[in-house]
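Visitor: Just so it is clear, I am handing over input.txt, which has compact mmCIF, C-alpha atoms (C1' of nucleotides).
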# COMPACT_ATOMS: atom_id res chain seq x y z
CA ARG V 1 -28.46 85.54 19.01
CA LEU V 2 -26.71 86.20 15.77
CA ARG V 3 -24.23 83.46 16.59
CA LYS V 4 -27.10 81.13 17.32
CA TRP V 5 -28.64 81.85 13.94
CA GLN V 6 -25.34 81.37 12.26
CA SER V 7 -24.82 78.01 13.89
CA ARG V 8 -28.33 76.99 12.92
CA LEU V 9 -27.64 78.05 9.40
CA ARG V 10 -24.43 76.07 9.45
CA VAL V 11 -26.25 73.03 10.77
CA SER V 12 -28.93 73.21 8.12
CA ASP V 13 -26.21 73.83 5.55
CA ALA V 14 -24.43 70.67 6.61
CA ALA V 15 -27.70 68.78 6.68
CA GLU V 16 -28.53 69.95 3.18
CA ARG V 17 -25.11 69.10 1.89
CA ASN V 18 -25.36 65.64 3.40
CA LEU V 19 -28.79 65.11 1.92
CA ALA V 20 -27.58 66.26 -1.48
CA PHE V 21 -24.64 63.90 -1.28
CA ALA V 22 -26.88 61.06 -0.15
CA LEU V 23 -29.35 61.61 -2.97
CA SER V 24 -26.62 61.81 -5.58
CA GLU V 25 -25.19 58.56 -4.25
CA LEU V 26 -28.70 57.06 -4.42
CA ASP V 27 -29.01 58.27 -8.02
CA ARG V 28 -25.71 56.64 -8.93
CA ILE V 29 -26.69 53.29 -7.39
CA ALA V 30 -30.19 53.37 -8.83
CA SER V 31 -29.01 54.04 -12.34
CA GLN V 32 -26.26 51.43 -12.20
CA LEU V 33 -28.76 48.85 -10.99
CA SER V 34 -31.41 50.06 -13.42
CA LEU V 35 -33.88 50.43 -10.59
CA PRO V 36 -37.43 51.58 -11.38
CA ARG V 37 -38.22 55.16 -10.40
CA HIS V 38 -40.61 54.14 -7.63
CA VAL V 39 -37.88 52.09 -5.94
CA GLU V 40 -35.50 55.02 -5.98
CA GLU V 41 -38.22 57.23 -4.56
CA GLU V 42 -38.97 54.74 -1.81
CA ALA V 43 -35.27 54.54 -0.95
CA ALA V 44 -35.16 58.35 -0.74
CA ARG V 45 -38.19 58.33 1.55
CA LEU V 46 -36.59 55.72 3.79
CA TYR V 47 -33.39 57.73 3.92
CA ARG V 48 -35.16 60.98 4.89
CA GLU V 49 -37.06 59.09 7.56
CA ALA V 50 -33.83 57.58 8.85
CA VAL V 51 -32.28 61.04 9.04
CA ARG V 52 -35.37 62.40 10.80
CA LYS V 53 -35.08 59.67 13.40
CA GLY V 54 -31.37 60.22 13.83
CA LEU V 55 -30.46 56.77 12.62
CA ILE V 56 -27.41 57.93 10.69
CA ARG V 57 -25.29 58.55 13.80
CA GLY V 58 -22.26 56.31 13.80
CA ARG V 59 -22.95 55.10 10.29
CA SER V 60 -21.67 56.33 6.98
CA ILE V 61 -24.13 58.01 4.63
CA GLU V 62 -23.07 55.58 1.95
CA SER V 63 -23.84 52.49 3.97
CA VAL V 64 -27.24 53.85 4.97
CA ILE V 65 -28.11 54.80 1.39
CA ALA V 66 -27.11 51.34 0.20
CA ALA V 67 -29.19 49.86 3.01
CA CYS V 68 -32.19 51.99 2.01
CA VAL V 69 -31.86 50.83 -1.59
CA TYR V 70 -31.83 47.22 -0.46
CA ALA V 71 -34.79 47.82 1.86
CA ALA V 72 -36.76 49.57 -0.89
CA CYS V 73 -36.13 46.65 -3.24
CA ARG V 74 -37.37 44.23 -0.59
CA LEU V 75 -40.44 46.34 0.25
CA LEU V 76 -41.42 46.79 -3.39
CA LYS V 77 -40.54 43.23 -4.38
CA VAL V 78 -37.90 44.20 -6.90
CA PRO V 79 -35.33 41.41 -6.36
CA ARG V 80 -31.77 42.59 -5.92
CA THR V 81 -29.12 40.73 -3.97
CA LEU V 82 -27.15 42.53 -1.32
CA ASP V 83 -24.05 41.54 -3.30
CA GLU V 84 -25.18 43.46 -6.36
CA ILE V 85 -25.59 46.59 -4.26
CA ALA V 86 -22.30 46.02 -2.42
CA ASP V 87 -20.50 45.70 -5.77
CA ILE V 88 -21.15 49.30 -6.71
CA SER V 89 -21.00 50.74 -3.21
CA ARG V 90 -17.84 51.98 -1.56
CA VAL V 91 -18.76 50.21 1.68
CA ASP V 92 -18.60 46.47 2.10
CA LYS V 93 -21.47 44.02 2.27
CA LYS V 94 -21.07 43.44 5.99
CA GLU V 95 -21.45 47.13 6.80
CA ILE V 96 -24.43 47.54 4.46
CA GLY V 97 -26.05 44.51 6.08
CA ARG V 98 -25.60 46.06 9.51
CA SER V 99 -27.09 49.35 8.42
CA PHE V 100 -29.93 47.51 6.74
CA ARG V 101 -30.83 45.56 9.88
CA PHE V 102 -30.55 48.73 11.95
CA ILE V 103 -32.91 50.81 9.81
CA ALA V 104 -35.26 47.85 9.44
CA ARG V 105 -35.51 47.63 13.23
CA ASN V 106 -36.04 51.32 13.70
CA LEU V 107 -38.31 52.09 10.75
CA ASN V 108 -40.50 49.15 11.68
CA LEU V 109 -39.73 47.23 8.51
CA THR V 110 -40.90 43.85 9.74
CA PRO V 111 -39.88 40.51 8.21
CA LYS V 112 -43.41 40.37 6.81
CA LYS V 113 -43.08 43.65 4.94
CA LEU V 114 -39.60 42.73 3.74
CA PHE V 115 -40.49 39.25 2.62
CA VAL V 116 -39.91 38.63 -1.07
CA LYS V 117 -41.46 35.50 -2.51
CA PRO V 118 -38.97 32.98 -3.88
CA THR V 119 -41.03 33.23 -7.10
CA ASP V 120 -39.71 36.74 -7.65
CA TYR V 121 -36.13 35.52 -7.36
CA VAL V 122 -36.93 32.60 -9.65
CA ASN V 123 -38.08 35.01 -12.33
CA LYS V 124 -35.13 37.33 -11.91
CA PHE V 125 -32.54 34.56 -12.12
CA ALA V 126 -34.43 32.77 -14.90
CA ASP V 127 -34.49 35.99 -16.92
CA GLU V 128 -30.73 36.28 -16.63
CA LEU V 129 -30.31 32.62 -17.50
CA GLY V 130 -32.77 32.73 -20.37
CA LEU V 131 -34.90 29.94 -18.95
CA SER V 132 -38.42 29.15 -20.10
CA GLU V 133 -41.71 29.48 -18.28
CA ARG V 134 -41.88 25.71 -17.90
CA VAL V 135 -38.55 25.60 -16.04
CA ARG V 136 -39.68 28.43 -13.80
CA ARG V 137 -42.89 26.64 -12.85
CA ARG V 138 -40.97 23.47 -12.18
CA ALA V 139 -38.51 25.32 -9.96
CA ILE V 140 -41.35 26.93 -8.03
CA ALA V 141 -43.02 23.53 -7.54
CA ILE V 142 -39.75 22.18 -6.15
CA LEU V 143 -39.42 25.16 -3.80
CA ASP V 144 -43.01 24.76 -2.59
CA GLU V 145 -42.48 21.13 -1.81
CA ALA V 146 -39.19 21.89 -0.09
CA TYR V 147 -40.94 24.50 2.04
CA ASP V 148 -43.70 22.05 2.99
CA LYS V 149 -41.12 19.52 4.05
CA GLY V 150 -39.28 22.01 6.20
CA LEU V 151 -36.13 22.11 4.10
CA THR V 152 -35.92 25.87 3.68
CA SER V 153 -35.77 27.35 7.20
CA GLY V 154 -32.51 29.17 7.83
CA LYS V 155 -31.19 28.54 4.36
CA SER V 156 -30.20 31.23 1.90
CA PRO V 157 -33.21 31.96 -0.33
CA ALA V 158 -30.84 32.73 -3.21
CA GLY V 159 -29.07 29.40 -2.75
CA LEU V 160 -32.36 27.51 -2.66
CA VAL V 161 -33.66 29.25 -5.79
CA ALA V 162 -30.37 28.64 -7.57
CA ALA V 163 -30.50 24.92 -6.81
CA ALA V 164 -34.19 24.69 -7.74
CA LEU V 165 -33.48 26.31 -11.11
CA TYR V 166 -30.51 24.04 -11.65
CA ILE V 167 -32.66 20.97 -11.00
CA ALA V 168 -35.61 22.27 -13.00
CA GLY V 169 -33.23 22.95 -15.89
CA LEU V 170 -32.04 19.36 -15.80
CA LEU V 171 -35.57 17.97 -15.57
CA GLU V 172 -36.91 20.14 -18.38
CA ASP V 173 -33.90 19.64 -20.61
CA GLU V 174 -32.75 23.23 -20.42
CA LYS V 175 -29.58 22.64 -18.51
CA ARG V 176 -27.59 25.49 -17.01
CA THR V 177 -24.36 24.63 -15.21
CA GLN V 178 -23.97 24.97 -11.46
CA ARG V 179 -21.49 27.69 -12.21
CA GLU V 180 -24.04 29.64 -14.24
CA VAL V 181 -26.84 29.48 -11.69
CA ALA V 182 -24.42 30.21 -8.85
CA GLU V 183 -23.21 33.30 -10.65
CA VAL V 184 -26.62 34.90 -11.17
CA ALA V 185 -27.72 34.03 -7.63
CA ARG V 186 -24.46 35.34 -6.19
CA VAL V 187 -23.75 32.21 -4.17
CA THR V 188 -20.92 29.70 -4.56
CA GLU V 189 -21.09 26.48 -6.55
CA VAL V 190 -20.65 24.59 -3.29
CA THR V 191 -23.85 26.10 -1.95
CA VAL V 192 -25.74 25.18 -5.12
CA ARG V 193 -24.37 21.66 -4.83
CA ASN V 194 -25.32 21.34 -1.18
CA ARG V 195 -28.88 22.54 -1.76
CA TYR V 196 -29.09 20.39 -4.88
CA LYS V 197 -28.12 17.27 -2.97
CA GLU V 198 -30.56 17.88 -0.18
CA LEU V 199 -33.46 18.65 -2.51
CA VAL V 200 -32.81 15.63 -4.73
CA ASP V 201 -32.48 13.36 -1.70
CA LYS V 202 -35.39 14.53 0.39
CA LEU V 203 -37.81 15.19 -2.45
CA ASN V 204 -36.89 11.91 -4.17
CA LEU V 205 -36.23 13.66 -7.46
CA LYS V 206 -35.06 11.50 -10.35
CA ILE V 207 -32.48 13.37 -12.34
CA PRO V 208 -32.03 12.12 -15.92
CA VAL V 209 -28.44 11.05 -16.63
CA MET K 1 -47.94 27.52 31.96
CA VAL K 2 -45.12 27.06 29.53
CA ASP K 3 -43.65 23.59 29.46
CA MET K 4 -39.93 23.91 30.04
CA SER K 5 -39.32 20.25 30.84
CA ASN K 6 -37.78 19.56 27.45
CA VAL K 7 -35.73 22.73 27.33
CA LYS K 8 -32.01 22.46 27.89
CA LEU K 9 -29.41 25.14 28.55
CA ARG K 10 -25.65 24.75 28.78
CA ILE K 11 -23.13 27.38 29.78
CA GLU K 12 -20.66 27.92 26.96
CA ASN K 13 -18.85 31.04 28.03
CA ILE K 14 -18.77 33.49 30.88
CA VAL K 15 -17.24 36.96 30.66
CA ALA K 16 -16.32 38.77 33.86
CA SER K 17 -14.61 42.02 34.71
CA VAL K 18 -12.33 41.98 37.72
CA ASP K 19 -10.69 44.69 39.81
CA LEU K 20 -7.55 43.68 41.72
CA PHE K 21 -7.25 47.15 43.30
CA THR K 22 -3.52 47.31 42.50
CA GLN K 23 -1.61 49.04 39.74
CA LEU K 24 0.40 46.65 37.62
CA ASN K 25 3.62 47.05 35.69
CA LEU K 26 2.74 45.12 32.56
CA GLU K 27 6.39 44.91 31.46
CA LYS K 28 7.06 42.89 34.61
CA VAL K 29 3.85 40.91 34.43
CA ILE K 30 4.62 39.76 30.89
CA GLU K 31 7.79 38.05 32.20
CA ILE K 32 5.89 35.67 34.44
CA CYS K 33 3.02 34.85 32.08
CA PRO K 34 4.01 31.83 29.95
CA ASN K 35 1.63 31.93 27.02
CA SER K 36 0.89 35.60 26.80
CA LYS K 37 0.99 38.38 24.26
CA TYR K 38 1.50 42.09 24.81
CA ASN K 39 1.45 44.64 22.02
CA PRO K 40 0.52 48.02 23.52
CA GLU K 41 0.27 49.38 19.98
CA GLU K 42 -2.64 47.19 19.05
CA PHE K 43 -4.21 46.48 22.42
CA PRO K 44 -3.49 48.05 25.85
CA GLY K 45 -3.74 44.81 27.81
CA ILE K 46 -1.76 41.58 28.17
CA ILE K 47 -3.54 38.63 26.61
CA CYS K 48 -2.89 35.60 28.76
CA ARG K 49 -4.22 32.07 28.48
CA PHE K 50 -4.53 29.53 31.28
CA GLU K 51 -5.01 25.88 30.51
CA GLU K 52 -6.38 25.08 33.96
CA PRO K 53 -8.91 26.49 34.37
CA LYS K 54 -9.20 27.04 30.63
CA VAL K 55 -9.76 30.78 30.32
CA ALA K 56 -8.27 33.81 28.62
CA LEU K 57 -7.40 36.87 30.66
CA LEU K 58 -6.90 40.44 29.57
CA ILE K 59 -4.65 42.16 32.09
CA PHE K 60 -4.52 45.95 32.29
CA SER K 61 -2.10 48.26 34.04
CA SER K 62 -4.93 49.64 36.15
CA GLY K 63 -5.16 46.29 37.87
CA LYS K 64 -8.42 45.50 36.15
CA LEU K 65 -8.98 42.28 34.24
CA VAL K 66 -11.39 40.72 31.83
CA VAL K 67 -11.72 36.96 32.11
CA THR K 68 -13.36 35.09 29.26
CA GLY K 69 -13.96 31.54 28.15
CA ALA K 70 -14.95 30.20 31.56
CA LYS K 71 -17.58 27.50 31.85
CA SER K 72 -18.43 28.30 35.46
CA VAL K 73 -18.20 31.17 37.93
CA GLU K 74 -15.87 29.00 39.97
CA ASP K 75 -13.46 28.79 37.01
CA ILE K 76 -13.24 32.56 37.06
CA GLU K 77 -12.52 32.67 40.78
CA ARG K 78 -9.85 30.01 40.42
CA ALA K 79 -8.25 31.85 37.51
CA VAL K 80 -8.20 35.14 39.40
CA ASN K 81 -6.65 33.50 42.48
CA LYS K 82 -4.09 31.78 40.31
CA LEU K 83 -3.11 35.06 38.70
CA ILE K 84 -2.89 36.76 42.09
CA GLN K 85 -0.48 34.07 43.33
CA MET K 86 1.66 34.63 40.25
CA LEU K 87 1.61 38.41 40.69
CA LYS K 88 2.66 38.12 44.32
CA LYS K 89 5.92 36.58 43.12
CA ILE K 90 6.84 39.77 41.33
CA GLY K 91 6.03 41.86 44.33
CA ALA K 92 2.45 42.93 43.74
CA LYS K 93 0.60 43.82 46.94
CA PHE K 94 -3.04 42.99 47.52
CA GLY K 95 -4.83 44.89 50.23
CA ARG K 96 -8.26 43.51 49.68
CA ALA K 97 -10.18 40.80 47.93
CA PRO K 98 -10.67 41.20 44.18
CA GLN K 99 -14.06 42.36 42.96
CA ILE K 100 -15.52 40.05 40.35
CA ASP K 101 -18.52 41.09 38.23
CA ILE K 102 -20.16 38.68 35.81
CA GLN K 103 -20.84 40.73 32.70
CA ASN K 104 -22.14 38.24 30.25
CA MET K 105 -23.01 34.58 30.05
CA VAL K 106 -23.48 32.67 26.82
CA PHE K 107 -25.59 29.53 26.69
CA SER K 108 -26.34 27.01 24.01
CA GLY K 109 -29.55 25.11 24.36
CA ASP K 110 -32.43 23.23 22.84
CA ILE K 111 -36.15 23.89 22.92
CA GLY K 112 -36.80 20.33 21.85
CA MET K 113 -38.91 21.12 18.81
CA GLU K 114 -38.30 22.22 15.23
CA PHE K 115 -39.45 25.57 13.90
CA ASN K 116 -40.53 27.07 10.62
CA LEU K 117 -38.59 30.30 10.98
CA ASP K 118 -40.59 32.04 8.26
CA ALA K 119 -43.72 31.43 10.33
CA VAL K 120 -41.93 32.58 13.48
CA ALA K 121 -40.68 35.76 11.82
CA LEU K 122 -44.16 36.52 10.46
CA SER K 123 -45.89 36.36 13.84
CA LEU K 124 -43.35 36.95 16.58
CA PRO K 125 -43.16 40.71 17.28
CA ASN K 126 -39.80 42.41 17.54
CA CYS K 127 -37.75 39.70 15.99
CA GLU K 128 -35.29 39.76 13.12
CA TYR K 129 -34.79 37.08 10.49
CA GLU K 130 -32.55 37.52 7.49
CA PRO K 131 -31.67 34.03 6.27
CA GLU K 132 -29.47 35.50 3.58
CA GLN K 133 -27.21 36.85 6.27
CA PHE K 134 -27.71 34.60 9.27
CA PRO K 135 -29.67 31.33 9.66
CA GLY K 136 -31.32 32.13 12.98
CA VAL K 137 -34.13 34.34 14.23
CA ILE K 138 -32.82 37.05 16.56
CA TYR K 139 -35.08 37.76 19.50
CA ARG K 140 -34.35 40.42 22.10
CA VAL K 141 -35.76 40.03 25.60
CA LYS K 142 -36.06 43.28 27.56
CA GLU K 143 -36.32 41.93 31.09
CA PRO K 144 -34.10 40.23 31.94
CA ARG K 145 -31.98 41.73 29.19
CA ALA K 146 -30.81 38.98 26.87
CA VAL K 147 -30.77 38.02 23.22
CA ILE K 148 -31.78 34.62 21.93
CA LEU K 149 -30.85 33.17 18.57
CA LEU K 150 -33.41 30.57 17.51
CA PHE K 151 -32.58 28.06 14.80
CA SER K 152 -34.92 25.85 12.78
CA SER K 153 -33.63 22.81 14.64
CA GLY K 154 -34.97 24.26 17.87
CA LYS K 155 -31.42 24.79 19.12
CA ILE K 156 -30.81 28.18 20.68
CA VAL K 157 -28.05 30.47 21.84
CA CYS K 158 -28.77 32.86 24.66
CA SER K 159 -26.34 35.67 25.36
CA GLY K 160 -26.25 38.82 27.38
CA ALA K 161 -27.71 37.26 30.54
CA LYS K 162 -25.89 37.93 33.79
CA SER K 163 -26.91 34.72 35.52
CA GLU K 164 -28.21 31.27 34.77
CA HIS K 165 -31.52 32.26 36.32
CA ASP K 166 -31.85 35.24 33.99
CA ALA K 167 -31.10 33.05 30.99
CA TRP K 168 -33.89 30.66 31.97
CA GLU K 169 -36.26 33.57 32.50
CA ALA K 170 -35.41 34.98 29.07
CA VAL K 171 -36.00 31.63 27.39
CA LYS K 172 -39.27 31.28 29.29
CA LYS K 173 -40.39 34.64 27.90
CA LEU K 174 -39.54 33.59 24.37
CA LEU K 175 -41.51 30.38 24.81
CA ARG K 176 -44.51 32.30 26.16
CA GLU K 177 -44.45 34.51 23.09
CA LEU K 178 -44.09 31.57 20.75
CA GLU K 179 -47.02 29.91 22.46
CA LYS K 180 -49.07 33.11 22.41
CA TYR K 181 -48.72 33.35 18.64
CA GLY K 182 -49.46 29.70 18.03
CA LEU K 183 -45.94 28.80 17.01
CA ILE K 184 -45.44 26.03 19.55
CA GLU K 185 -47.83 23.23 18.73
CA GLU K 186 -46.96 23.00 15.08
CA GLU K 187 -46.02 19.54 13.92
CA GLU K 188 -46.90 19.03 10.29
CA GLU K 189 -48.56 22.29 9.31
CA TRP K 190 -45.58 24.11 7.88
C1' DA L 1 -15.51 17.39 -5.94
C1' DT L 2 -14.76 17.18 -0.88
C1' DA L 3 -12.44 18.44 3.44
C1' DT L 4 -10.81 21.84 6.43
C1' DT L 5 -10.66 26.20 8.14
C1' DA L 6 -12.81 30.59 8.61
C1' DC L 7 -16.22 33.82 8.81
C1' DT L 8 -21.43 35.60 9.63
C1' DT L 9 -24.85 36.69 14.26
C1' DT L 10 -25.64 37.65 19.63
C1' DG L 11 -23.82 39.62 24.43
C1' DC L 12 -19.91 42.27 27.54
C1' DA L 13 -15.85 44.39 30.00
C1' DA L 14 -11.18 46.35 29.92
C1' DA L 15 -7.75 51.42 28.17
C1' DG L 16 -6.74 54.15 24.53
C1' DC L 17 -7.00 55.94 20.07
C1' DG F 1 -16.55 53.75 16.55
C1' DC F 2 -12.25 50.55 16.64
C1' DT F 3 -8.76 47.38 18.73
C1' DT F 4 -8.72 41.95 21.81
C1' DT F 5 -10.81 37.76 24.21
C1' DA F 6 -14.32 33.60 24.55
C1' DA F 7 -18.11 30.21 22.90
C1' DA F 8 -22.30 28.14 20.73
C1' DA F 9 -25.78 27.76 17.04
C1' DA F 10 -26.18 26.57 11.30
C1' DG F 11 -25.26 28.48 7.19
C1' DT F 12 -22.14 30.06 3.56
C1' DA F 13 -17.45 31.14 1.80
C1' DA F 14 -12.53 30.53 0.92
C1' DT F 15 -8.80 27.60 0.39
C1' DA F 16 -6.53 23.11 0.25
C1' DT F 17 -6.11 18.40 -1.48
Would you put the structure from the file into C-alpha cells?

Guide:
Amino acid sequence: RLRKWQSRLRVSDAAERNLAFALSELDRIASQLSLPRHVEEEAARLYREAVRKGLIRGRSIESVIAACVYAACRLLKVPRTLDEIADISRVDKKEIGRSFRFIARNLNLTPKKLFVKPTDYVNKFADELGLSERVRRRAIAILDEAYDKGLTSGKSPAGLVAAALYIAGLLEDEKRTQREVAEVARVTEVTVRNRYKELVDKLNLKIPV
Amino acid sequence: MVDMSNVKLRIENIVASVDLFTQLNLEKVIEICPNSKYNPEEFPGIICRFEEPKVALLIFSSGKLVVTGAKSVEDIERAVNKLIQMLKKIGAKFGRAPQIDIQNMVFSGDIGMEFNLDAVALSLPNCEYEPEQFPGVIYRVKEPRAVILLFSSGKIVCSGAKSEHDAWEAVKKLLRELEKYGLIEEEEEW
DNA sequence: ATATTACTTTGCAAAGC
DNA sequence: GCTTTAAAAAGTAATAT
C-alpha cells in the first residue's frame, strides 16, 4: 500500500518533471521564434493532449514539443517553416516531421484544419523581403492561376510561393534575387528556378528583360 | 460499381521470410556466397545478392532468411532453391521443404486520371497530405491492410499487401472512397 | 546553370543491441 | 527504437561539371 503510493508519487513526479521540461522547451522555442502568446498556448494544449493520449511513447519530448509548435502554427495560420523550428531544436527536421504527422493523425488534425493559405506565406516572405502590396497581389494572382491549371498539386507550397514572389518582383520592378527568395522560403535556388520555369511556361508569363 | 478498367498495377518488389529449418554456420556460408557481405557488428545476417533471379537475401544463423527485391513469387522460390543447392555443398542438411511466407508486396500503378490533391485531402477521410514533406497523399486501407500513395498524376504506389488480390482490393476501396466524395469525375473543375 | 546522385514517404521480416 | 535489404511514385536537396 505504502509502496504503491510511493510509486504513484514517483510516477506523477516524473510526469510533472517531464511536463515542466516540455513547457520550458516550448517557452524557449516560442520566444526564439517570436511566436504570439496564443500560439504558444495552443502548442501547450496540444502537448498536454498528446501526453494524455500516450502519444509520447517512443518519441523524444523535444521532437513532440517541436511538432506541437509546428502544428499550432498551422492551426492558427501563423506561417512558420518546419526548417525554422528545426534550426533551434535539438532534434532534426526528419524526426520533427515524423512526430508532427503522428500527432496530427492521433489528435485528429485533418489536412483541412492544418491548411494554411498560400496568401499567408506570401505575406510572411514578402515582409522579410520588404516587398510591396502590389507585388504580393501579383504573386497571389499567379498562384491562383497556377492552382486553377493544376500546377500546384504535390509541390512544396514554400517553393511555389518563393517562385511566385520572384516572378511578381520582376513584373512589378521590385526584383529580389532567386537567392533571396529561396533563403526566406527555406528552399534551394534550384527549386525556385524549377517552379519559376514551369510557371512562366505554363502561364505564358512575359518577363521583362 | 467502380470502374477499374483503366487501373494498372505492377509488382515492383516482394519481401518474404523463409525458414530453412537448419542452423547455419555463417562463417562457412560466407565462403560460398560470391557477392556477399557479413559484418556481425552492424547486422547479424549475411547480405547476399543473386543476379538470377535478381534478389537480395539476408541469411541468418537460425536458418531463417529474408528475400527481397523479387518481382514474382516464383523468383523467391527459385532463389531459395538456388541457395539450398549452394548450402548443400558445404554440408548443410535439409530435412524438410522450406517454409516461405510473403510478408509484403509493393506495387506501382496508375489510376488513369489526374488529381487535385488539395481537394482529395480536404474530402477523403483518414488521409495524410503534407506536400512540404512528401508529394503524395497517404491513404491507409484497413481491410485488406495496405497503404496507398496517391500522386497528382494519378500514379500510385501500394505497399503492405500480402497478395496481388489484396492490392487490387485495397485500390478498389480507395477508388470507392474517391468516388463517394466526388473526387473521381473531376476534369476541369480544380 | 544543369546533370547526376541521393534522399523523403509507404510496407515487412530477420537477430541482436 | 535501431541496424540491413528491395522497389516505385514525384518532389526537393546536395554535389559535380

Visitor: When you look at DA13 (chain F) with a cut-off of 9 Å (counting only C-alpha atoms (C1' of nucleotides)), what residues show up, excluding the ones that are within fewer than 3 positions of it in the same chain? I need them as a list in words.

Guide: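 Result of the neighbour search: Val187, Thr188, Val190 and Thr191 of chain V; DA6 and DC7 of chain L.
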
Visitor: Restrict the distance test to all atoms listed in the file, flag each residue of chain L within 10 Å of chain V, and return the flagged residues as a PDB file with C-alpha atoms (C1' of nucleotides), in the coordinates of the input.

Guide:
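Dumped everything to selection29.pdb:
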ATOM      1  C1'  DA L   1     -15.510  17.390  -5.940  1.00  0.00           C
ATOM      2  C1'  DT L   2     -14.760  17.180  -0.880  1.00  0.00           C
ATOM      3  C1'  DT L   8     -21.430  35.600   9.630  1.00  0.00           C
TER       4       DT L   8
END

Visitor: Can you pull out the residues contacting region 4-6 of chain K? Cut-off 8 Å, using only C-alpha atoms (C1' of nucleotides), and skip same-chain residues under 3 positions away; I want them as a list in words.

Guide: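 Here the qualifying residues turn out to be Asp110, Ile111, Gly112 and Lys172 of chain K.
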
Visitor: Fewer than 6 positions away in the same chain doesn't count, so skip those; otherwise give me all residues within 8 Å of DT10 (chain L), counting all atoms listed in the file, as a list in words.

Guide: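 Here the qualifying residues turn out to be Ile138, Val147, Ile148, Leu149, Val157, Cys158, Ser159 and Gly160 of chain K.
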
Visitor: Do you have, as a Markdown table, the list of residues of chain K lying at most 7 Å from chain L, each with its nearest atom pair and that distance in Å to one decimal, counting only C-alpha atoms (C1' of nucleotides) and ordered by chain then number?

Guide:
| residue | atom | partner | partner_atom | distance |
| --- | --- | --- | --- | --- |
| K:Val15 | CA | L:DC12 | C1' | 6.7 |
| K:Ala16 | CA | L:DA13 | C1' | 6.8 |
| K:Ser17 | CA | L:DA13 | C1' | 5.4 |
| K:Pro44 | CA | L:DA15 | C1' | 5.9 |
| K:Lys64 | CA | L:DA14 | C1' | 6.9 |
| K:Leu65 | CA | L:DA14 | C1' | 6.3 |
| K:Val66 | CA | L:DA14 | C1' | 5.9 |
| K:Gln103 | CA | L:DC12 | C1' | 5.5 |
| K:Asn104 | CA | L:DC12 | C1' | 5.3 |
| K:Gln133 | CA | L:DT8 | C1' | 6.8 |
| K:Phe134 | CA | L:DT9 | C1' | 6.1 |
| K:Val147 | CA | L:DT10 | C1' | 6.3 |
| K:Leu149 | CA | L:DT10 | C1' | 7.0 |
| K:Ser159 | CA | L:DG11 | C1' | 4.8 |
| K:Gly160 | CA | L:DG11 | C1' | 3.9 |

Visitor: Store the residues picked out above in a file with C-alpha atoms, as a PDB file, in the frame of the given file.

Guide:
ATOM      1  CA  VAL K  15     -17.240  36.960  30.660  1.00  0.00           C
ATOM      2  CA  ALA K  16     -16.320  38.770  33.860  1.00  0.00           C
ATOM      3  CA  SER K  17     -14.610  42.020  34.710  1.00  0.00           C
ATOM      4  CA  PRO K  44      -3.490  48.050  25.850  1.00  0.00           C
ATOM      5  CA  LYS K  64      -8.420  45.500  36.150  1.00  0.00           C
ATOM      6  CA  LEU K  65      -8.980  42.280  34.240  1.00  0.00           C
ATOM      7  CA  VAL K  66     -11.390  40.720  31.830  1.00  0.00           C
ATOM      8  CA  GLN K 103     -20.840  40.730  32.700  1.00  0.00           C
ATOM      9  CA  ASN K 104     -22.140  38.240  30.250  1.00  0.00           C
ATOM     10  CA  GLN K 133     -27.210  36.850   6.270  1.00  0.00           C
ATOM     11  CA  PHE K 134     -27.710  34.600   9.270  1.00  0.00           C
ATOM     12  CA  VAL K 147     -30.770  38.020  23.220  1.00  0.00           C
ATOM     13  CA  LEU K 149     -30.850  33.170  18.570  1.00  0.00           C
ATOM     14  CA  SER K 159     -26.340  35.670  25.360  1.00  0.00           C
ATOM     15  CA  GLY K 160     -26.250  38.820  27.380  1.00  0.00           C
TER      16      GLY K 160
END
